[in-house]
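Structure data (mmCIF, C-alpha atoms) from model_21.cif:
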data_protein
loop_
_atom_site.group_PDB
_atom_site.id
_atom_site.type_symbol
_atom_site.label_atom_id
_atom_site.label_comp_id
_atom_site.auth_asym_id
_atom_site.auth_seq_id
_atom_site.Cartn_x
_atom_site.Cartn_y
_atom_site.Cartn_z
ATOM 1 C CA MET J 1 23.903 -85.692 52.162
ATOM 2 C CA PHE J 2 26.073 -84.709 49.205
ATOM 3 C CA SER J 3 28.206 -81.573 48.891
ATOM 4 C CA LEU J 4 28.211 -80.133 45.375
ATOM 5 C CA GLN J 5 31.630 -78.966 44.255
ATOM 6 C CA GLY J 6 32.977 -77.857 40.924
ATOM 7 C CA ALA J 7 31.595 -75.534 38.287
ATOM 8 C CA LYS J 8 29.893 -78.238 36.230
ATOM 9 C CA MET J 9 27.717 -79.558 39.085
ATOM 10 C CA LEU J 10 26.779 -76.083 40.290
ATOM 11 C CA GLN J 11 25.840 -74.967 36.775
ATOM 12 C CA MET J 12 23.685 -78.087 36.422
ATOM 13 C CA LEU J 13 21.997 -77.219 39.713
ATOM 14 C CA GLU J 14 21.357 -73.633 38.614
ATOM 15 C CA LYS J 15 19.723 -74.865 35.413
ATOM 16 C CA SER J 16 17.580 -77.353 37.324
ATOM 17 C CA LEU J 17 16.477 -74.742 39.881
ATOM 18 C CA ARG J 18 15.519 -72.427 37.045
ATOM 19 C CA ASN J 19 12.924 -75.005 36.001
ATOM 20 C CA SER J 20 11.332 -74.786 39.470
ATOM 21 C CA LEU J 21 10.876 -71.011 39.631
ATOM 22 C CA PRO J 22 9.411 -69.084 41.367
ATOM 23 C CA GLU J 23 9.334 -71.517 44.339
ATOM 24 C CA SER J 24 13.104 -72.026 44.058
ATOM 25 C CA LEU J 25 13.890 -68.304 43.697
ATOM 26 C CA LYS J 26 15.853 -67.702 46.924
ATOM 27 C CA VAL J 27 18.043 -70.762 46.313
ATOM 28 C CA TYR J 28 18.281 -70.106 42.564
ATOM 29 C CA GLY J 29 19.514 -66.560 43.234
ATOM 30 C CA THR J 30 22.055 -67.833 45.761
ATOM 31 C CA VAL J 31 23.418 -70.524 43.438
ATOM 32 C CA PHE J 32 23.547 -67.955 40.621
ATOM 33 C CA HIS J 33 25.727 -65.788 42.891
ATOM 34 C CA ILE J 34 27.914 -68.769 43.784
ATOM 35 C CA ASN J 35 28.494 -69.389 40.077
ATOM 36 C CA GLN J 36 29.563 -65.744 39.685
ATOM 37 C CA GLY J 37 32.445 -66.126 42.130
ATOM 38 C CA ASN J 38 30.896 -67.046 45.502
ATOM 39 C CA PRO J 39 32.081 -63.993 47.498
ATOM 40 C CA PHE J 40 30.392 -65.261 50.694
ATOM 41 C CA LYS J 41 32.141 -68.667 50.293
ATOM 42 C CA LEU J 42 28.877 -70.580 50.659
ATOM 43 C CA LYS J 43 28.527 -74.334 50.200
ATOM 44 C CA VAL J 44 25.708 -76.319 48.624
ATOM 45 C CA LEU J 45 24.273 -79.551 50.026
ATOM 46 C CA VAL J 46 21.749 -81.898 48.389
ATOM 47 C CA ASP J 47 20.125 -85.087 49.627
ATOM 48 C CA LYS J 48 21.231 -86.924 46.460
ATOM 49 C CA TRP J 49 22.620 -86.166 43.011
ATOM 50 C CA PRO J 50 21.686 -85.541 40.274
ATOM 51 C CA ASP J 51 18.030 -86.339 41.053
ATOM 52 C CA PHE J 52 17.886 -84.235 44.213
ATOM 53 C CA ASN J 53 14.813 -83.516 46.304
ATOM 54 C CA THR J 54 16.243 -80.930 48.699
ATOM 55 C CA VAL J 55 18.907 -78.232 48.350
ATOM 56 C CA VAL J 56 20.460 -76.411 51.308
ATOM 57 C CA VAL J 57 22.867 -73.501 50.799
ATOM 58 C CA ARG J 58 24.787 -72.500 53.913
ATOM 59 C CA PRO J 59 28.067 -70.923 55.063
ATOM 60 C CA GLN J 60 31.194 -72.944 55.717
ATOM 61 C CA GLU J 61 31.491 -74.175 59.327
ATOM 62 C CA GLN J 62 34.565 -72.014 59.962
ATOM 63 C CA ASP J 63 32.532 -68.893 59.164
ATOM 64 C CA MET J 64 29.797 -69.743 61.700
ATOM 65 C CA THR J 65 31.809 -69.115 64.866
ATOM 66 C CA ASP J 66 29.345 -66.765 66.586
ATOM 67 C CA ASP J 67 26.452 -68.829 67.953
ATOM 68 C CA LEU J 68 24.301 -65.682 68.322
ATOM 69 C CA ASP J 69 24.837 -64.318 64.805
ATOM 70 C CA HIS J 70 21.779 -65.408 62.828
ATOM 71 C CA TYR J 71 22.719 -62.995 60.010
ATOM 72 C CA THR J 72 25.753 -65.159 59.240
ATOM 73 C CA ASN J 73 24.133 -68.425 60.353
ATOM 74 C CA THR J 74 21.648 -68.344 57.468
ATOM 75 C CA TYR J 75 20.390 -71.309 55.446
ATOM 76 C CA HIS J 76 18.581 -71.072 52.092
ATOM 77 C CA ILE J 77 16.390 -74.035 51.272
ATOM 78 C CA TYR J 78 14.399 -75.429 48.372
ATOM 79 C CA SER J 79 12.705 -78.836 48.443
ATOM 80 C CA LYS J 80 10.500 -80.876 46.148
ATOM 81 C CA ASP J 81 9.544 -83.248 48.952
ATOM 82 C CA THR J 82 8.805 -82.180 52.537
ATOM 83 C CA GLU J 83 9.420 -85.631 54.005
ATOM 84 C CA SER J 84 12.963 -85.888 52.650
ATOM 85 C CA CYS J 85 13.481 -82.228 53.544
ATOM 86 C CA GLN J 86 12.632 -82.788 57.210
ATOM 87 C CA LYS J 87 14.987 -85.753 57.348
ATOM 88 C CA LEU J 88 17.839 -83.777 55.798
ATOM 89 C CA LEU J 89 17.349 -80.688 57.965
ATOM 90 C CA GLY J 90 17.234 -82.841 61.060
ATOM 91 C CA SER J 91 20.844 -83.884 60.496
ATOM 92 C CA THR J 92 23.395 -82.025 62.632
ATOM 93 C CA GLU J 93 25.753 -82.195 59.642
ATOM 94 C CA VAL J 94 23.383 -79.931 57.725
ATOM 95 C CA ILE J 95 22.083 -77.467 60.347
ATOM 96 C CA ASN J 96 23.552 -76.571 63.727
ATOM 97 C CA TRP J 97 20.356 -76.261 65.768
ATOM 98 C CA LYS J 98 22.339 -75.174 68.842
ATOM 99 C CA GLN J 99 22.967 -71.790 67.230
ATOM 100 C CA HIS J 100 20.754 -68.767 66.694
ATOM 101 C CA LEU J 101 20.011 -69.070 62.982
ATOM 102 C CA GLN J 102 17.637 -68.133 60.215
ATOM 103 C CA ILE J 103 16.203 -70.055 57.296
ATOM 104 C CA GLN J 104 15.014 -68.372 54.116
ATOM 105 C CA SER J 105 12.923 -69.878 51.341
ATOM 106 C CA SER J 106 10.371 -69.006 48.665
ATOM 107 C CA GLN J 107 8.282 -71.973 49.815
ATOM 108 C CA PRO J 108 5.631 -71.324 52.500
ATOM 109 C CA SER J 109 5.115 -75.106 52.635
ATOM 110 C CA LEU J 110 8.395 -75.449 54.546
ATOM 111 C CA ASN J 111 6.721 -73.916 57.595
ATOM 112 C CA GLU J 112 5.282 -77.283 58.617
ATOM 113 C CA VAL J 113 8.715 -78.907 58.297
ATOM 114 C CA ILE J 114 10.391 -76.263 60.443
ATOM 115 C CA GLN J 115 7.635 -76.278 63.060
ATOM 116 C CA ASN J 116 7.970 -80.078 63.327
ATOM 117 C CA LEU J 117 11.719 -79.737 63.782
ATOM 118 C CA ALA J 118 11.190 -77.058 66.441
ATOM 119 C CA ALA J 119 9.247 -79.580 68.503
ATOM 120 C CA THR J 120 11.910 -82.286 68.230
ATOM 121 C CA LYS J 121 15.028 -80.083 68.349
ATOM 122 C CA SER J 122 13.724 -77.735 71.087
ATOM 123 C CA PHE J 123 13.961 -74.273 69.596
ATOM 124 C CA GLN J 124 11.655 -71.288 69.293
ATOM 125 C CA VAL J 125 10.778 -70.176 65.798
ATOM 126 C CA LYS J 126 9.426 -66.904 64.436
ATOM 127 C CA HIS J 127 8.032 -67.043 60.906
ATOM 128 C CA THR J 128 8.060 -63.844 58.819
ATOM 129 C CA GLN J 129 6.177 -63.866 55.528
ATOM 130 C CA CYS J 130 6.354 -61.092 52.934
ATOM 131 C CA PHE J 131 5.209 -60.537 49.370
ATOM 132 C CA LEU J 132 7.761 -61.626 46.764
ATOM 133 C CA PHE J 133 8.253 -59.483 43.655
ATOM 134 C CA MET J 134 10.244 -60.122 40.472
ATOM 135 C CA ALA J 135 11.047 -57.489 37.847
ATOM 136 C CA SER J 136 8.986 -57.981 34.669
ATOM 137 C CA GLU J 137 12.151 -58.251 32.544
ATOM 138 C CA THR J 138 13.382 -61.083 34.772
ATOM 139 C CA VAL J 139 9.974 -62.756 34.581
ATOM 140 C CA LYS J 140 10.123 -62.599 30.771
ATOM 141 C CA LYS J 141 13.492 -64.378 30.796
ATOM 142 C CA LEU J 142 12.954 -66.947 33.542
ATOM 143 C CA VAL J 143 9.221 -67.643 33.977
ATOM 144 C CA PRO J 144 7.327 -66.030 31.077
ATOM 145 C CA SER J 145 4.178 -67.989 31.967
ATOM 146 C CA LEU J 146 3.767 -65.707 35.005
ATOM 147 C CA LEU J 147 3.782 -62.504 32.975
ATOM 148 C CA ASP J 148 0.326 -61.091 32.331
ATOM 149 C CA GLU J 149 0.794 -57.829 30.433
ATOM 150 C CA LYS J 150 -2.624 -56.498 31.411
ATOM 151 C CA ASN J 151 -1.676 -56.666 35.107
ATOM 152 C CA LEU J 152 1.400 -54.481 34.635
ATOM 153 C CA SER J 153 1.306 -50.787 35.411
ATOM 154 C CA PRO J 154 -0.063 -49.007 32.312
ATOM 155 C CA ASN J 155 2.473 -46.215 32.775
ATOM 156 C CA SER J 156 6.146 -46.424 31.886
ATOM 157 C CA SER J 157 8.222 -48.390 34.384
ATOM 158 C CA LYS J 158 10.661 -45.475 34.560
ATOM 159 C CA PRO J 159 10.203 -43.458 37.789
ATOM 160 C CA LYS J 160 9.665 -39.726 37.769
ATOM 161 C CA ASP J 161 12.746 -37.594 37.251
ATOM 162 C CA ILE J 162 14.708 -36.189 40.164
ATOM 163 C CA ASN J 163 16.754 -33.034 40.739
ATOM 164 C CA HIS J 164 20.167 -34.159 39.480
ATOM 165 C CA GLU J 165 21.776 -30.966 40.746
ATOM 166 C CA MET J 166 20.729 -31.785 44.300
ATOM 167 C CA PHE J 167 21.065 -35.582 44.249
ATOM 168 C CA LYS J 168 24.058 -37.512 42.884
ATOM 169 C CA LEU J 169 23.920 -41.210 42.057
ATOM 170 C CA SER J 170 26.641 -43.209 43.800
ATOM 171 C CA SER J 171 27.377 -46.537 45.492
ATOM 172 C CA LEU J 172 27.473 -47.149 49.216
ATOM 173 C CA ASP J 173 30.684 -47.143 51.189
ATOM 174 C CA VAL J 174 31.322 -49.342 54.233
ATOM 175 C CA THR J 175 31.181 -46.179 56.352
ATOM 176 C CA HIS J 176 27.486 -45.879 55.387
ATOM 177 C CA ALA J 177 26.607 -49.232 56.993
ATOM 178 C CA ALA J 178 25.561 -47.661 60.304
ATOM 179 C CA LEU J 179 23.031 -45.460 58.494
ATOM 180 C CA VAL J 180 21.547 -48.425 56.590
ATOM 181 C CA ASN J 181 21.468 -50.467 59.800
ATOM 182 C CA LYS J 182 19.555 -47.750 61.629
ATOM 183 C CA PHE J 183 16.645 -47.920 59.161
ATOM 184 C CA TRP J 184 16.667 -51.651 58.342
ATOM 185 C CA SER J 185 13.635 -53.340 59.919
ATOM 186 C CA PHE J 186 15.603 -56.582 60.442
ATOM 187 C CA GLY J 187 18.671 -54.760 61.777
ATOM 188 C CA GLY J 188 19.590 -52.190 64.384
ATOM 189 C CA ASN J 189 22.349 -54.114 66.175
ATOM 190 C CA GLU J 190 26.083 -54.782 65.918
ATOM 191 C CA ARG J 191 25.745 -58.127 64.152
ATOM 192 C CA SER J 192 23.361 -56.746 61.523
ATOM 193 C CA GLN J 193 25.773 -53.882 60.884
ATOM 194 C CA ARG J 194 28.611 -56.335 60.265
ATOM 195 C CA PHE J 195 26.363 -58.182 57.797
ATOM 196 C CA ILE J 196 25.541 -54.919 56.000
ATOM 197 C CA GLU J 197 29.236 -54.024 55.823
ATOM 198 C CA ARG J 198 29.937 -57.417 54.268
ATOM 199 C CA CYS J 199 27.200 -56.915 51.669
ATOM 200 C CA ILE J 200 28.507 -53.450 50.778
ATOM 201 C CA ARG J 201 32.049 -54.813 50.337
ATOM 202 C CA ASN J 202 31.016 -57.722 48.132
ATOM 203 C CA PHE J 203 27.873 -56.786 46.224
ATOM 204 C CA LEU J 204 26.256 -54.128 44.102
ATOM 205 C CA SER J 205 24.710 -51.148 45.904
ATOM 206 C CA PHE J 206 23.296 -47.793 44.862
ATOM 207 C CA CYS J 207 22.442 -44.595 46.703
ATOM 208 C CA LEU J 208 21.680 -40.945 46.113
ATOM 209 C CA LEU J 209 23.956 -38.491 47.850
ATOM 210 C CA GLY J 210 22.188 -35.387 49.119
ATOM 211 C CA PRO J 211 23.417 -31.770 49.306
ATOM 212 C CA GLU J 212 25.746 -32.652 52.198
ATOM 213 C CA GLY J 213 27.389 -35.494 50.288
ATOM 214 C CA THR J 214 25.879 -38.268 52.402
ATOM 215 C CA PRO J 215 23.276 -40.890 51.369
ATOM 216 C CA VAL J 216 19.624 -39.839 51.565
ATOM 217 C CA THR J 217 18.284 -43.045 49.975
ATOM 218 C CA TRP J 218 19.864 -46.431 49.197
ATOM 219 C CA ASN J 219 19.398 -50.032 48.065
ATOM 220 C CA LEU J 220 21.641 -53.090 48.566
ATOM 221 C CA MET J 221 22.031 -56.669 47.365
ATOM 222 C CA ASP J 222 22.579 -59.708 49.592
ATOM 223 C CA GLN J 223 24.217 -63.098 49.017
ATOM 224 C CA THR J 224 21.062 -64.447 47.352
ATOM 225 C CA GLY J 225 21.101 -61.717 44.699
ATOM 226 C CA GLU J 226 17.997 -60.155 46.235
ATOM 227 C CA MET J 227 17.638 -56.358 46.385
ATOM 228 C CA ARG J 228 17.232 -55.548 50.078
ATOM 229 C CA MET J 229 17.525 -52.990 52.867
ATOM 230 C CA ALA J 230 16.207 -50.077 50.795
ATOM 231 C CA GLY J 231 15.622 -46.939 52.836
ATOM 232 C CA THR J 232 15.227 -43.171 52.703
ATOM 233 C CA LEU J 233 15.850 -40.528 55.345
ATOM 234 C CA PRO J 234 12.475 -39.313 56.690
ATOM 235 C CA GLU J 235 12.999 -35.737 55.521
ATOM 236 C CA TYR J 236 13.535 -36.892 51.915
ATOM 237 C CA ARG J 237 10.617 -39.299 51.572
ATOM 238 C CA ALA J 238 7.690 -38.979 49.113
ATOM 239 C CA GLN J 239 9.966 -37.545 46.400
ATOM 240 C CA GLY J 240 10.416 -40.737 44.375
ATOM 241 C CA LEU J 241 14.092 -41.039 45.333
ATOM 242 C CA VAL J 242 14.087 -44.698 46.343
ATOM 243 C CA SER J 243 12.187 -45.545 43.149
ATOM 244 C CA HIS J 244 14.983 -43.923 41.160
ATOM 245 C CA VAL J 245 17.654 -45.945 42.986
ATOM 246 C CA ILE J 246 15.792 -49.266 42.714
ATOM 247 C CA HIS J 247 15.041 -48.693 39.023
ATOM 248 C CA THR J 248 18.700 -47.895 38.308
ATOM 249 C CA GLN J 249 19.953 -50.942 40.187
ATOM 250 C CA SER J 250 17.374 -53.163 38.485
ATOM 251 C CA GLN J 251 18.588 -52.054 35.060
ATOM 252 C CA VAL J 252 22.234 -52.733 35.908
ATOM 253 C CA MET J 253 21.438 -56.154 37.387
ATOM 254 C CA ASP J 254 19.300 -57.092 34.399
ATOM 255 C CA LYS J 255 22.073 -56.178 31.941
ATOM 256 C CA THR J 256 24.562 -58.339 33.847
ATOM 257 C CA GLY J 257 22.164 -61.296 33.943
ATOM 258 C CA PHE J 258 21.192 -61.281 37.610
ATOM 259 C CA PRO J 259 17.616 -62.180 38.551
ATOM 260 C CA VAL J 260 15.969 -58.988 39.814
ATOM 261 C CA TYR J 261 13.724 -59.639 42.801
ATOM 262 C CA SER J 262 12.841 -58.351 46.254
ATOM 263 C CA HIS J 263 10.379 -58.744 49.109
ATOM 264 C CA VAL J 264 7.933 -56.227 50.567
ATOM 265 C CA ASP J 265 6.223 -56.342 53.948
ATOM 266 C CA LYS J 266 2.532 -57.158 53.616
ATOM 267 C CA SER J 267 1.630 -53.981 55.507
ATOM 268 C CA ASN J 268 3.878 -51.677 53.450
ATOM 269 C CA LYS J 269 1.371 -50.339 50.920
ATOM 270 C CA ILE J 270 3.732 -47.600 49.712
ATOM 271 C CA MET J 271 6.469 -50.031 48.630
ATOM 272 C CA GLN J 272 3.873 -52.372 47.122
ATOM 273 C CA LYS J 273 2.553 -49.514 45.005
ATOM 274 C CA MET J 274 6.096 -48.540 44.014
ATOM 275 C CA SER J 275 6.841 -52.138 42.958
ATOM 276 C CA HIS J 276 3.736 -52.143 40.777
ATOM 277 C CA THR J 277 4.725 -48.800 39.223
ATOM 278 C CA LEU J 278 8.193 -50.163 38.400
ATOM 279 C CA GLN J 279 6.489 -53.176 36.747
ATOM 280 C CA HIS J 280 7.703 -55.666 39.324
ATOM 281 C CA VAL J 281 5.394 -58.667 39.336
ATOM 282 C CA ARG J 282 4.109 -60.189 42.547
ATOM 283 C CA MET J 283 4.862 -63.903 42.657
ATOM 284 C CA PRO J 284 2.266 -66.571 43.554
ATOM 285 C CA CYS J 285 4.568 -67.750 46.385
ATOM 286 C CA ASP J 286 5.850 -65.702 49.323
ATOM 287 C CA TRP J 287 9.206 -64.675 50.782
ATOM 288 C CA ASN J 288 9.718 -66.570 54.032
ATOM 289 C CA GLN J 289 12.148 -66.260 56.913
ATOM 290 C CA TRP J 290 12.247 -68.406 60.033
ATOM 291 C CA ASN J 291 14.297 -67.103 62.952
ATOM 292 C CA CYS J 292 15.239 -70.018 65.203
ATOM 293 C CA VAL J 293 16.522 -69.710 68.784
ATOM 294 C CA PRO J 294 17.498 -72.784 70.832
ATOM 295 C CA LEU J 295 15.678 -73.208 74.138
#

Would you write the structure of this file as structure tokens?
Amino acid sequence: MFSLQGAKMLQMLEKSLRNSLPESLKVYGTVFHINQGNPFKLKVLVDKWPDFNTVVVRPQEQDMTDDLDHYTNTYHIYSKDTESCQKLLGSTEVINWKQHLQIQSSQPSLNEVIQNLAATKSFQVKHTQCFLFMASETVKKLVPSLLDEKNLSPNSSKPKDINHEMFKLSSLDVTHAALVNKFWSFGGNERSQRFIERCIRNFLSFCLLGPEGTPVTWNLMDQTGEMRMAGTLPEYRAQGLVSHVIHTQSQVMDKTGFPVYSHVDKSNKIMQKMSHTLQHVRMPCDWNQWNCVPL
């Protein structure tokens, strides 16, 4: 195990991960964020350097003090070799399997590795798999071979206009975290709200304020650079509001160089259609999350 430190090594890693997109996307986005200032104070581990097989991005040990907080205890993994990956992840220096934790990756192939570890380390695992989308402008820059113009929405990627007198574009405030938490499918508890608050403090977010001056729709970014936790109040749905927010955030992220990507539940046809309309391209690999609970 080797801990990468210093700007030069981390920039080399970012460049190398770029060559492995889209399978490396979750780790690439996280390392990109680290190279922009590392607001979550994450650390990067590799099995060897510079010819690594496996990369693990995780929090510092001193930040993982709550054994039940899988939102903080999150590991992002990319591997070129499942055998070396299983060996690395099995080390207690890399992952604390005694905690409630989650692993995220753009590689479905890691499921076998994690299921094998569950048998030897004695933990329950729940695997969540979603569609992975990348904005067409990001695809053009990072993996142009995946861009097939004829599969893009024939209409303009710009969403339909909204009533700018009624809805005002803004960013989220920490006081809005409870509202986001209420509608986040992975949230709804105190620990998830603390995670949302942390994301709002550190990363880009957009919302539309309604007539009462409170958010009616919103979209956030997490420590991997992924757009997440989008939501709209039920009474304001089907008006194209979330499309407007996501489109605006995508443009800002693209101009500042961030990879623009997100995941959509496989049963959420509405958000899949919206992604297609905004010319976000579905990736050949999936978004994966494994929630692990020690027995």

Using the chain letters and numbering of this document, enumerate as a CSV table (one decimal) with C-alpha atoms, keeping the file's coordinate frame the residues selected by the PyMOL selection byres ((chain J and resi 277) around 12).
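Listing of selection05.csv after writing:
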chain,number,residue,atom,x,y,z
J,135,ALA,CA,11.0,-57.5,37.8
J,136,SER,CA,9.0,-58.0,34.7
J,151,ASN,CA,-1.7,-56.7,35.1
J,152,LEU,CA,1.4,-54.5,34.6
J,153,SER,CA,1.3,-50.8,35.4
J,154,PRO,CA,-0.1,-49.0,32.3
J,155,ASN,CA,2.5,-46.2,32.8
J,156,SER,CA,6.1,-46.4,31.9
J,157,SER,CA,8.2,-48.4,34.4
J,158,LYS,CA,10.7,-45.5,34.6
J,159,PRO,CA,10.2,-43.5,37.8
J,160,LYS,CA,9.7,-39.7,37.8
J,240,GLY,CA,10.4,-40.7,44.4
J,243,SER,CA,12.2,-45.5,43.1
J,244,HIS,CA,15.0,-43.9,41.2
J,246,ILE,CA,15.8,-49.3,42.7
J,247,HIS,CA,15.0,-48.7,39.0
J,270,ILE,CA,3.7,-47.6,49.7
J,271,MET,CA,6.5,-50.0,48.6
J,272,GLN,CA,3.9,-52.4,47.1
J,273,LYS,CA,2.6,-49.5,45.0
J,274,MET,CA,6.1,-48.5,44.0
J,275,SER,CA,6.8,-52.1,43.0
J,276,HIS,CA,3.7,-52.1,40.8
J,278,LEU,CA,8.2,-50.2,38.4
J,279,GLN,CA,6.5,-53.2,36.7
J,280,HIS,CA,7.7,-55.7,39.3
J,281,VAL,CA,5.4,-58.7,39.3
J,282,ARG,CA,4.1,-60.2,42.5

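For the pair CA of Trp290 (chain J) and CA of Ala119 (chain J), the separation is 14.3 Å.
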
How close does each residue of region 143-260 of chain J get to region 26-45 of chain J, giving the shortest atom pair and distance in Å to one decimal for every residue with an atom at most 7 Å away, counting only C-alpha atoms, sorted by chain and residue number, as a tab-separated table?
residue	atom	partner	partner_atom	distance
J:Asn202	CA	J:Pro39	CA	6.4
J:Gln223	CA	J:Thr30	CA	6.1
J:Thr224	CA	J:Thr30	CA	3.9
J:Gly225	CA	J:Gly29	CA	5.3
J:Pro259	CA	J:Gly29	CA	6.7

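For the pair CA of Phe2 (chain J) and CA of Leu17 (chain J), the separation is 16.7 Å.
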
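Here CA of Ser84 (chain J) and CA of Asp51 (chain J) stand 12.7 Å from one another.
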
Result set, the PyMOL selection byres ((chain J and resi 183-192) around 9) on current file, as a short mmCIF file (atom, residue, chain, number, x, y, z; two decimals) with C-alpha atoms, in the frame of the given file:
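Writing the result to out.cif gives the following:
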data_model
loop_
_atom_site.label_atom_id
_atom_site.label_comp_id
_atom_site.auth_asym_id
_atom_site.auth_seq_id
_atom_site.Cartn_x
_atom_site.Cartn_y
_atom_site.Cartn_z
CA LEU J 68 24.30 -65.68 68.32
CA ASP J 69 24.84 -64.32 64.81
CA HIS J 70 21.78 -65.41 62.83
CA TYR J 71 22.72 -63.00 60.01
CA THR J 72 25.75 -65.16 59.24
CA ALA J 178 25.56 -47.66 60.30
CA LEU J 179 23.03 -45.46 58.49
CA VAL J 180 21.55 -48.42 56.59
CA ASN J 181 21.47 -50.47 59.80
CA LYS J 182 19.56 -47.75 61.63
CA GLN J 193 25.77 -53.88 60.88
CA ARG J 194 28.61 -56.34 60.26
CA PHE J 195 26.36 -58.18 57.80
CA ILE J 196 25.54 -54.92 56.00
CA GLU J 197 29.24 -54.02 55.82
CA MET J 229 17.52 -52.99 52.87
CA ALA J 230 16.21 -50.08 50.80
CA GLY J 231 15.62 -46.94 52.84
CA THR J 232 15.23 -43.17 52.70
CA LEU J 233 15.85 -40.53 55.34
#

Applying 9 Å and all atoms listed in the file, which residues near region 100-116 of chain J remain after dropping the ones on its own chain fewer than 4 positions away? List them as a PyMOL selection string. chain J and resi 22-27+66-79+82-83+85-86+89+96+120-121+124-125+127+129+132+285-294

Could you save the residues just selected, with C-alpha atoms, as a PDB file, in the frame of the given file?
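Result written to part-v2.pdb:
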ATOM      1  CA  PRO J  22       9.411 -69.084  41.367  1.00  0.00           C
ATOM      2  CA  GLU J  23       9.334 -71.517  44.339  1.00  0.00           C
ATOM      3  CA  SER J  24      13.104 -72.026  44.058  1.00  0.00           C
ATOM      4  CA  LEU J  25      13.890 -68.304  43.697  1.00  0.00           C
ATOM      5  CA  LYS J  26      15.853 -67.702  46.924  1.00  0.00           C
ATOM      6  CA  VAL J  27      18.043 -70.762  46.313  1.00  0.00           C
ATOM      7  CA  ASP J  66      29.345 -66.765  66.586  1.00  0.00           C
ATOM      8  CA  ASP J  67      26.452 -68.829  67.953  1.00  0.00           C
ATOM      9  CA  LEU J  68      24.301 -65.682  68.322  1.00  0.00           C
ATOM     10  CA  ASP J  69      24.837 -64.318  64.805  1.00  0.00           C
ATOM     11  CA  HIS J  70      21.779 -65.408  62.828  1.00  0.00           C
ATOM     12  CA  TYR J  71      22.719 -62.995  60.010  1.00  0.00           C
ATOM     13  CA  THR J  72      25.753 -65.159  59.240  1.00  0.00           C
ATOM     14  CA  ASN J  73      24.133 -68.425  60.353  1.00  0.00           C
ATOM     15  CA  THR J  74      21.648 -68.344  57.468  1.00  0.00           C
ATOM     16  CA  TYR J  75      20.390 -71.309  55.446  1.00  0.00           C
ATOM     17  CA  HIS J  76      18.581 -71.072  52.092  1.00  0.00           C
ATOM     18  CA  ILE J  77      16.390 -74.035  51.272  1.00  0.00           C
ATOM     19  CA  TYR J  78      14.399 -75.429  48.372  1.00  0.00           C
ATOM     20  CA  SER J  79      12.705 -78.836  48.443  1.00  0.00           C
ATOM     21  CA  THR J  82       8.805 -82.180  52.537  1.00  0.00           C
ATOM     22  CA  GLU J  83       9.420 -85.631  54.005  1.00  0.00           C
ATOM     23  CA  CYS J  85      13.481 -82.228  53.544  1.00  0.00           C
ATOM     24  CA  GLN J  86      12.632 -82.788  57.210  1.00  0.00           C
ATOM     25  CA  LEU J  89      17.349 -80.688  57.965  1.00  0.00           C
ATOM     26  CA  ASN J  96      23.552 -76.571  63.727  1.00  0.00           C
ATOM     27  CA  THR J 120      11.910 -82.286  68.230  1.00  0.00           C
ATOM     28  CA  LYS J 121      15.028 -80.083  68.349  1.00  0.00           C
ATOM     29  CA  GLN J 124      11.655 -71.288  69.293  1.00  0.00           C
ATOM     30  CA  VAL J 125      10.778 -70.176  65.798  1.00  0.00           C
ATOM     31  CA  HIS J 127       8.032 -67.043  60.906  1.00  0.00           C
ATOM     32  CA  GLN J 129       6.177 -63.866  55.528  1.00  0.00           C
ATOM     33  CA  LEU J 132       7.761 -61.626  46.764  1.00  0.00           C
ATOM     34  CA  CYS J 285       4.568 -67.750  46.385  1.00  0.00           C
ATOM     35  CA  ASP J 286       5.850 -65.702  49.323  1.00  0.00           C
ATOM     36  CA  TRP J 287       9.206 -64.675  50.782  1.00  0.00           C
ATOM     37  CA  ASN J 288       9.718 -66.570  54.032  1.00  0.00           C
ATOM     38  CA  GLN J 289      12.148 -66.260  56.913  1.00  0.00           C
ATOM     39  CA  TRP J 290      12.247 -68.406  60.033  1.00  0.00           C
ATOM     40  CA  ASN J 291      14.297 -67.103  62.952  1.00  0.00           C
ATOM     41  CA  CYS J 292      15.239 -70.018  65.203  1.00  0.00           C
ATOM     42  CA  VAL J 293      16.522 -69.710  68.784  1.00  0.00           C
ATOM     43  CA  PRO J 294      17.498 -72.784  70.832  1.00  0.00           C
TER      44      PRO J 294
END

Excluding Met166 (chain J) and residues on its chain fewer than 4 positions from it, collect all residues at most 10 Å away from it, counting only C-alpha atoms, and give them as number ranges by chain. J: 162, 208-213

Residue with smallest distance to Phe52 (chain J) - pool J:Leu21, J:Leu169, J:Leu13, J:Leu142, counting all atoms listed in the file: J:Leu13

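In this comparison, which uses all atoms listed in the file, the residue of J:Met64, J:Cys199, J:Leu172, J:Leu241 approaching Gln99 (chain J) most closely is J:Met64.
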